[in-house]
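Coordinates from my_file.pdb are shown below (PDB, C-alpha atoms and all ligand atoms).
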ATOM      1  CA  MET A 168       5.610  21.270   7.081  1.00  0.00           C
ATOM      2  CA  GLU A 169       7.450  21.793   3.833  1.00  0.00           C
ATOM      3  CA  THR A 170       6.267  21.216   0.300  1.00  0.00           C
ATOM      4  CA  ASN A 171       8.491  18.835  -1.622  1.00  0.00           C
ATOM      5  CA  PHE A 172       7.947  19.997  -5.200  1.00  0.00           C
ATOM      6  CA  GLU A 173       9.583  16.988  -6.858  1.00  0.00           C
ATOM      7  CA  PHE A 174       7.332  14.679  -4.835  1.00  0.00           C
ATOM      8  CA  ARG A 175       4.327  16.849  -5.646  1.00  0.00           C
ATOM      9  CA  LYS A 176       5.097  16.649  -9.353  1.00  0.00           C
ATOM     10  CA  GLN A 177       5.323  12.857  -9.163  1.00  0.00           C
ATOM     11  CA  ILE A 178       1.946  12.746  -7.454  1.00  0.00           C
ATOM     12  CA  MET A 179       0.435  15.087 -10.020  1.00  0.00           C
ATOM     13  CA  ASP A 180       1.741  12.882 -12.816  1.00  0.00           C
ATOM     14  CA  TYR A 181      -0.469  10.141 -11.389  1.00  0.00           C
ATOM     15  CA  HIS A 182      -3.277  12.533 -10.743  1.00  0.00           C
ATOM     16  CA  ILE A 183      -3.733  14.268 -14.062  1.00  0.00           C
ATOM     17  CA  GLY A 184      -4.903  12.179 -16.978  1.00  0.00           C
ATOM     18  CA  PRO A 185      -3.990  12.868 -20.607  1.00  0.00           C
ATOM     19  CA  ASP A 186      -7.224  14.663 -21.518  1.00  0.00           C
ATOM     20  CA  VAL A 187      -8.959  15.732 -18.389  1.00  0.00           C
ATOM     21  CA  ILE A 188      -7.730  17.491 -15.294  1.00  0.00           C
ATOM     22  CA  LYS A 189      -8.952  15.678 -12.235  1.00  0.00           C
ATOM     23  CA  TYR A 190      -8.706  17.295  -8.883  1.00  0.00           C
ATOM     24  CA  CYS A 191      -9.711  16.125  -5.460  1.00  0.00           C
ATOM     25  CA  TYR A 192     -12.226  18.484  -3.886  1.00  0.00           C
ATOM     26  CA  GLN A 193     -12.070  16.751  -0.490  1.00  0.00           C
ATOM     27  CA  CYS A 194     -15.639  15.469  -0.564  1.00  0.00           C
ATOM     28  CA  SER A 195     -14.552  12.565   1.689  1.00  0.00           C
ATOM     29  CA  ARG A 196     -16.529   9.948  -0.211  1.00  0.00           C
ATOM     30  CA  CYS A 197     -13.392   7.786  -0.311  1.00  0.00           C
ATOM     31  CA  ALA A 198     -13.019   7.893   3.480  1.00  0.00           C
ATOM     32  CA  ASP A 199     -16.753   7.408   4.034  1.00  0.00           C
ATOM     33  CA  ASN A 200     -16.604   4.148   2.073  1.00  0.00           C
ATOM     34  CA  CYS A 201     -13.173   2.886   3.139  1.00  0.00           C
ATOM     35  CA  PRO A 202     -13.445  -0.263   5.308  1.00  0.00           C
ATOM     36  CA  VAL A 203     -10.107   0.483   6.990  1.00  0.00           C
ATOM     37  CA  THR A 204     -11.258   3.977   7.966  1.00  0.00           C
ATOM     38  CA  GLU A 205     -14.445   2.488   9.362  1.00  0.00           C
ATOM     39  CA  VAL A 206     -12.615   0.183  11.759  1.00  0.00           C
ATOM     40  CA  SER A 207      -9.736   2.503  12.662  1.00  0.00           C
ATOM     41  CA  MET A 208     -11.278   5.962  12.977  1.00  0.00           C
ATOM     42  CA  ASP A 209     -11.775   7.703  16.286  1.00  0.00           C
ATOM     43  CA  PHE A 210     -14.676  10.158  16.508  1.00  0.00           C
ATOM     44  CA  TYR A 211     -12.985  11.940  19.394  1.00  0.00           C
ATOM     45  CA  ASP A 212      -9.629  12.311  17.660  1.00  0.00           C
ATOM     46  CA  PRO A 213      -9.850  12.953  13.908  1.00  0.00           C
ATOM     47  CA  ASP A 214      -6.055  12.636  13.606  1.00  0.00           C
ATOM     48  CA  LYS A 215      -6.231   8.979  14.577  1.00  0.00           C
ATOM     49  CA  GLY A 216      -7.016   6.130  12.204  1.00  0.00           C
ATOM     50  CA  TYR A 217      -6.556   5.602   8.503  1.00  0.00           C
ATOM     51  CA  ASN A 218      -7.877   8.312   6.189  1.00  0.00           C
ATOM     52  CA  PRO A 219      -7.539   8.158   2.369  1.00  0.00           C
ATOM     53  CA  ARG A 220      -8.996  11.661   1.930  1.00  0.00           C
ATOM     54  CA  LYS A 221      -6.308  13.128   4.164  1.00  0.00           C
ATOM     55  CA  ASN A 222      -3.578  11.141   2.400  1.00  0.00           C
ATOM     56  CA  ILE A 223      -4.680  12.496  -0.976  1.00  0.00           C
ATOM     57  CA  LEU A 224      -4.677  16.044   0.394  1.00  0.00           C
ATOM     58  CA  LEU A 225      -1.198  15.724   1.924  1.00  0.00           C
ATOM     59  CA  ALA A 226       0.114  14.089  -1.253  1.00  0.00           C
ATOM     60  CA  LEU A 227      -1.285  16.870  -3.452  1.00  0.00           C
ATOM     61  CA  LEU A 228       0.264  19.472  -1.171  1.00  0.00           C
ATOM     62  CA  GLY A 229       3.621  17.713  -1.510  1.00  0.00           C
ATOM     63  CA  TYR A 230       3.956  16.962   2.207  1.00  0.00           C
ATOM     64  CA  LYS A 231       6.229  14.005   1.651  1.00  0.00           C
ATOM     65  CA  ASP A 232       7.792  13.947   5.113  1.00  0.00           C
ATOM     66  CA  LEU A 233       4.456  14.141   6.862  1.00  0.00           C
ATOM     67  CA  LEU A 234       3.254  11.089   4.959  1.00  0.00           C
ATOM     68  CA  LEU A 235       6.411   9.002   4.967  1.00  0.00           C
ATOM     69  CA  GLU A 236       7.544   9.764   8.511  1.00  0.00           C
ATOM     70  CA  ALA A 237       4.156   8.970  10.040  1.00  0.00           C
ATOM     71  CA  ASP A 238       3.178   5.685  11.713  1.00  0.00           C
ATOM     72  CA  ASP A 239       2.722   2.531   9.646  1.00  0.00           C
ATOM     73  CA  LEU A 240      -1.051   2.877   9.482  1.00  0.00           C
ATOM     74  CA  THR A 241      -0.894   6.203   7.645  1.00  0.00           C
ATOM     75  CA  ILE A 242       0.006   4.745   4.273  1.00  0.00           C
ATOM     76  CA  TRP A 243       0.211   1.002   4.888  1.00  0.00           C
ATOM     77  CA  GLY A 244      -3.312   0.798   6.263  1.00  0.00           C
ATOM     78  CA  CYS A 245      -4.692   0.641   2.719  1.00  0.00           C
ATOM     79  CA  THR A 246      -5.544  -2.939   1.737  1.00  0.00           C
ATOM     80  CA  VAL A 247      -6.016  -1.962  -1.939  1.00  0.00           C
ATOM     81  CA  CYS A 248      -9.635  -3.112  -1.953  1.00  0.00           C
ATOM     82  CA  ASP A 249     -10.262  -0.441  -4.652  1.00  0.00           C
ATOM     83  CA  THR A 250     -13.535   0.772  -3.126  1.00  0.00           C
ATOM     84  CA  CYS A 251     -12.333   4.384  -3.080  1.00  0.00           C
ATOM     85  CA  ASP A 252     -11.417   4.237  -6.766  1.00  0.00           C
ATOM     86  CA  GLU A 253     -14.956   3.089  -7.515  1.00  0.00           C
ATOM     87  CA  VAL A 254     -16.736   5.804  -5.552  1.00  0.00           C
ATOM     88  CA  CYS A 255     -14.556   8.874  -6.185  1.00  0.00           C
ATOM     89  CA  PRO A 256     -16.676  11.372  -8.178  1.00  0.00           C
ATOM     90  CA  GLN A 257     -13.491  12.727  -9.750  1.00  0.00           C
ATOM     91  CA  ASN A 258     -12.387   9.273 -10.946  1.00  0.00           C
ATOM     92  CA  ILE A 259      -9.106   9.704  -9.144  1.00  0.00           C
ATOM     93  CA  GLU A 260      -7.071   6.497  -9.033  1.00  0.00           C
ATOM     94  CA  LEU A 261      -6.391   6.742  -5.328  1.00  0.00           C
ATOM     95  CA  THR A 262      -4.842   3.287  -5.104  1.00  0.00           C
ATOM     96  CA  GLU A 263      -2.288   4.245  -7.774  1.00  0.00           C
ATOM     97  CA  ILE A 264      -1.211   7.154  -5.599  1.00  0.00           C
ATOM     98  CA  PHE A 265      -1.185   4.975  -2.485  1.00  0.00           C
ATOM     99  CA  THR A 266       0.953   2.379  -4.271  1.00  0.00           C
ATOM    100  CA  PHE A 267       3.365   5.151  -5.219  1.00  0.00           C
ATOM    101  CA  LEU A 268       3.516   6.216  -1.553  1.00  0.00           C
ATOM    102  CA  LYS A 269       4.220   2.638  -0.466  1.00  0.00           C
ATOM    103  CA  ASN A 270       7.000   2.309  -3.047  1.00  0.00           C
ATOM    104  CA  GLN A 271       8.522   5.554  -1.791  1.00  0.00           C
ATOM    105  CA  SER A 272       8.365   4.230   1.756  1.00  0.00           C
ATOM    106  CA  ILE A 273      10.193   1.036   0.753  1.00  0.00           C
ATOM    107  CA  ALA A 274      12.800   3.016  -1.200  1.00  0.00           C
ATOM    108  CA  LEU A 275      13.555   4.932   1.997  1.00  0.00           C
ATOM    109  CA  GLY A 276      13.696   1.704   4.043  1.00  0.00           C
ATOM    110  CA  LYS A 277      10.697   2.846   6.071  1.00  0.00           C
ATOM    111  CA  GLY A 278       8.280   0.003   5.391  1.00  0.00           C
ATOM    112  CA  PRO A 279       6.661  -1.743   8.348  1.00  0.00           C
ATOM    113  CA  ASP A 280       8.560  -4.654   9.913  1.00  0.00           C
ATOM    114  CA  TYR A 281       5.853  -7.201   9.101  1.00  0.00           C
ATOM    115  CA  LEU A 282       6.226  -6.422   5.408  1.00  0.00           C
ATOM    116  CA  TYR A 283       9.968  -7.142   5.389  1.00  0.00           C
ATOM    117  CA  SER A 284       9.483 -10.397   7.272  1.00  0.00           C
ATOM    118  CA  GLN A 285       6.728 -11.399   4.855  1.00  0.00           C
ATOM    119  CA  ALA A 286       8.968 -10.589   1.869  1.00  0.00           C
ATOM    120  CA  LYS A 287      11.795 -12.570   3.491  1.00  0.00           C
ATOM    121  CA  THR A 288       9.490 -15.565   3.888  1.00  0.00           C
ATOM    122  CA  VAL A 289       8.543 -15.400   0.208  1.00  0.00           C
ATOM    123  CA  PHE A 290      12.218 -15.066  -0.764  1.00  0.00           C
ATOM    124  CA  GLU A 291      13.294 -18.055   1.324  1.00  0.00           C
ATOM    125  CA  ASN A 292      10.362 -20.366   0.604  1.00  0.00           C
ATOM    126  CA  ALA A 293       8.956 -19.147  -2.715  1.00  0.00           C
ATOM    127  CA  LYS A 294       5.592 -18.898  -0.984  1.00  0.00           C
ATOM    128  CA  ALA A 295       3.998 -16.651   1.619  1.00  0.00           C
ATOM    129  CA  ILE A 296       3.046 -19.519   3.932  1.00  0.00           C
ATOM    130  CA  PRO A 297       5.670 -22.283   4.078  1.00  0.00           C
ATOM    131  CA  SER A 298       4.392 -25.858   3.961  1.00  0.00           C
ATOM    132  CA  GLN A 299       3.871 -27.567   7.281  1.00  0.00           C
ATOM    133  CA  PRO A 300       3.146 -31.241   8.026  1.00  0.00           C
ATOM    134  CA  ALA A 301      -0.156 -30.244   9.678  1.00  0.00           C
ATOM    135  CA  ILE A 302      -1.320 -28.480   6.507  1.00  0.00           C
ATOM    136  CA  GLU A 303      -0.309 -31.449   4.369  1.00  0.00           C
ATOM    137  CA  ARG A 304      -2.122 -33.894   6.689  1.00  0.00           C
ATOM    138  CA  ARG A 305      -5.283 -31.785   6.625  1.00  0.00           C
ATOM    139  CA  ARG A 306      -5.226 -31.578   2.850  1.00  0.00           C
ATOM    140  CA  GLU A 307      -4.852 -35.347   2.653  1.00  0.00           C
ATOM    141  CA  GLN A 308      -7.810 -35.828   5.006  1.00  0.00           C
ATOM    142  CA  LEU A 309      -9.892 -33.533   2.811  1.00  0.00           C
ATOM    143  CA  GLY A 310      -8.860 -35.432  -0.313  1.00  0.00           C
ATOM    144  CA  LEU A 311      -6.985 -32.468  -1.750  1.00  0.00           C
ATOM    145  CA  PRO A 312      -3.907 -32.995  -3.927  1.00  0.00           C
ATOM    146  CA  SER A 313      -0.534 -32.379  -2.294  1.00  0.00           C
ATOM    147  CA  ILE A 314       1.023 -28.987  -2.911  1.00  0.00           C
ATOM    148  CA  VAL A 315       3.614 -28.807  -5.667  1.00  0.00           C
ATOM    149  CA  THR A 316       6.919 -27.504  -4.296  1.00  0.00           C
ATOM    150  CA  PRO A 317       7.834 -24.269  -6.075  1.00  0.00           C
ATOM    151  CA  ASP A 318      11.238 -23.777  -7.674  1.00  0.00           C
ATOM    152  CA  ILE A 319      12.911 -21.619  -5.013  1.00  0.00           C
ATOM    153  CA  ASN A 320      15.906 -20.785  -7.205  1.00  0.00           C
ATOM    154  CA  GLU A 321      13.670 -19.534  -9.969  1.00  0.00           C
ATOM    155  CA  VAL A 322      11.671 -17.329  -7.601  1.00  0.00           C
ATOM    156  CA  GLN A 323      14.829 -16.011  -5.941  1.00  0.00           C
ATOM    157  CA  THR A 324      16.339 -15.140  -9.319  1.00  0.00           C
ATOM    158  CA  LEU A 325      13.207 -13.206 -10.248  1.00  0.00           C
ATOM    159  CA  LEU A 326      13.163 -11.382  -6.923  1.00  0.00           C
ATOM    160  CA  LYS A 327      16.868 -10.570  -7.094  1.00  0.00           C
ATOM    161  CA  ASN A 328      16.348  -9.111 -10.556  1.00  0.00           C
ATOM    162  CA  ILE A 329      13.883  -6.615  -9.120  1.00  0.00           C
ATOM    163  CA  GLY A 330      16.342  -5.679  -6.379  1.00  0.00           C
ATOM    164  CA  ILE A 331      14.790  -7.414  -3.390  1.00  0.00           C
ATOM    165  CA  THR A 332      18.152  -8.164  -1.750  1.00  0.00           C
ATOM    166  CA  LYS A 333      18.886  -4.474  -1.410  1.00  0.00           C
ATOM    167  CA  LYS A 334      15.361  -3.682  -0.259  1.00  0.00           C
ATOM    168  CA  LEU A 335      15.351  -6.438   2.372  1.00  0.00           C
ATOM    169  CA  LYS A 336      18.502  -4.994   3.895  1.00  0.00           C
TER     170      LYS A 336
HETATM  171  S1  LIG B 401     -13.637  10.750  -3.120  1.00  0.00           S
HETATM  172 FE1  LIG B 401     -12.187  11.622  -4.604  1.00  0.00          FE
HETATM  173  S2  LIG B 401     -12.654  13.810  -4.672  1.00  0.00           S
HETATM  174 FE2  LIG B 401     -13.618  12.987  -2.828  1.00  0.00          FE
HETATM  175  S3  LIG B 401     -12.083  13.296  -1.196  1.00  0.00           S
HETATM  176 FE3  LIG B 401     -11.742  11.250  -1.994  1.00  0.00          FE
HETATM  177  S4  LIG B 401     -10.179  11.506  -3.597  1.00  0.00           S
HETATM  178 FE4  LIG B 401     -11.043  13.535  -3.167  1.00  0.00          FE
HETATM  179  S1  LIG B 402      -8.308   0.882  -1.569  1.00  0.00           S
HETATM  180 FE1  LIG B 402      -7.398   1.420   0.423  1.00  0.00          FE
HETATM  181  S2  LIG B 402      -8.009   3.537   0.799  1.00  0.00           S
HETATM  182 FE2  LIG B 402      -9.317   2.748  -0.831  1.00  0.00          FE
HETATM  183  S3  LIG B 402     -11.172   2.029   0.201  1.00  0.00           S
HETATM  184 FE3  LIG B 402      -9.785   0.260   0.032  1.00  0.00          FE
HETATM  185  S4  LIG B 402      -8.567   0.220   1.908  1.00  0.00           S
HETATM  186 FE4  LIG B 402      -9.555   2.237   1.765  1.00  0.00          FE
END

Write the structure described by the file as structure tokens, please.
Amino acid sequence: METNFEFRKQIMDYHIGPDVIKYCYQCSRCADNCPVTEVSMDFYDPDKGYNPRKNILLALLGYKDLLLEADDLTIWGCTVCDTCDEVCPQNIELTEIFTFLKNQSIALGKGPDYLYSQAKTVFENAKAIPSQPAIERRREQLGLPSIVTPDINEVQTLLKNIGITKKLK
């Protein structure tokens, strides 16, 4: 395990506010309240499952490789429900740090496969779930208005401007 000091500095920039120094003291309140930890943890193997407390510790120690080379669950398990942000006694914005980790993972082309296929679907259809005749029929039966077709060119232009073509590759 090697400390990546540049990575550590980036994490600390998220971690330290303008007036007050906030530091995680590993109380585990975030993990105790995280719904993903609850369903993925293994009492017999503490290394298994999703753990926000551990992620914060590894991030603060600058263990970039350990975080970004791990399995998809390690950083992508977070659903950004924000519960940990609410309960952290140190007011640490954990989800900001986790978003940073996810962005780093994408920059390295190490995001999970499902994420790329989901992004590709949005790029090609301008929506996450493409319209299907069955959905349209059901909406009609329920008296719901038909779905307005999005402007695919407009969405693709926006996505290209934020570099999605390169990231999808
Ligand atoms: S709740 Fe906050 S202080 Fe406690 S372990 Fe999690 S991040 Fe650290
Ligand atoms: S935001 Fe992520 S880490 Fe925090 S409680 Fe929700 S799922 Fe867990």

(message) Using the chain letters and numbers from this file, what does the PyMOL selection byres (((not hetatm)) within 9 of (chain B and resi 401)) select? Give the answer as a PyMOL selection string.
(response) chain A and resi 189-200+219-224+251-261

(message) Considering all atoms listed in the file, can you say which of A:Leu235, A:Val247, A:Ala301, A:Ile242 comes closest to A:Gly216?
(response) A:Ile242

(message) Counting only C-alpha atoms, which residues sit no farther than 12 Å from the position (9.3, 2.6, -4.8) in the file's frame? I'd like them as a list in words.
(response)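 Result, sorted by chain then residue number: Gln177, Ile264, Phe265, Thr266, Phe267, Leu268, Lys269, Asn270, Gln271, Ser272, Ile273, Ala274, Leu275, Gly276, Lys277, Gly278, Ile329, Gly330, Ile331 and Lys334 of chain A.
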
(message) Please find the residues contacting ligand LIG 402 (chain B) at a distance of at most 6 Å between atoms, with all atoms listed in the file counted, and report them as a PyMOL selection string.
(response) chain A and resi 201-203+219+245-251+262

(message) Just checking: using all atoms listed in the file, which residue out of A:Phe174, A:Asp212, A:Thr288, A:Tyr181 ends up closest to A:Leu234?
(response)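 Nearest candidate to A:Leu234 out of A:Phe174, A:Asp212, A:Thr288, A:Tyr181: A:Phe174.
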
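Evaluated against the shown file, the PyMOL selection byres (((chain A and resi 315) around 12) and not hetatm) gives Ala293, Lys294, Pro297, Ser298, Glu303, Leu311, Pro312, Ser313, Ile314, Thr316, Pro317, Asp318 and Ile319 of chain A.
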
(request) Could you tell me how far atom CA of A:Pro279 lies from atom CA of A:Trp243, in Å and to one decimal? (result) 7.8 Å

(request) Could you jot down the atom CA of A:Ser284 to atom CA of A:Leu225 separation for me, Å, one decimal place? (result) 28.7 Å

(request) For atom CA of A:Phe290 and atom CA of A:Ala237, quote the distance in Å rounded to one decimal. (result)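 Distance between the two atoms: 27.6 Å.
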
(message) Show me, as a list in words, the residues that have an atom within 12 Å of A:Asn320 when counting all atoms listed in the file, minus same-chain residues fewer than 5 positions from it.
(response)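 Within the cut-off, the hits are Val289, Phe290, Glu291, Asn292, Ala293, Leu325, Leu326 and Lys327 of chain A.
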
Could those selected residues go to a file with C-alpha atoms, as an mmCIF file, in the coordinates of the input?
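Printed below is result-v7.cif as written:
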data_model
loop_
_atom_site.group_PDB
_atom_site.id
_atom_site.type_symbol
_atom_site.label_atom_id
_atom_site.label_comp_id
_atom_site.auth_asym_id
_atom_site.auth_seq_id
_atom_site.Cartn_x
_atom_site.Cartn_y
_atom_site.Cartn_z
ATOM 1 C CA VAL A 289 8.543 -15.400 0.208
ATOM 2 C CA PHE A 290 12.218 -15.066 -0.764
ATOM 3 C CA GLU A 291 13.294 -18.055 1.324
ATOM 4 C CA ASN A 292 10.362 -20.366 0.604
ATOM 5 C CA ALA A 293 8.956 -19.147 -2.715
ATOM 6 C CA LEU A 325 13.207 -13.206 -10.248
ATOM 7 C CA LEU A 326 13.163 -11.382 -6.923
ATOM 8 C CA LYS A 327 16.868 -10.570 -7.094
#

(request) Scan for residues within 7 Å of the point (4.4, 14.5, -1.2) in the coordinates of the file, using all atoms listed in the file, and reply as a PyMOL selection string. (result) chain A and resi 171+174-175+178+225-231
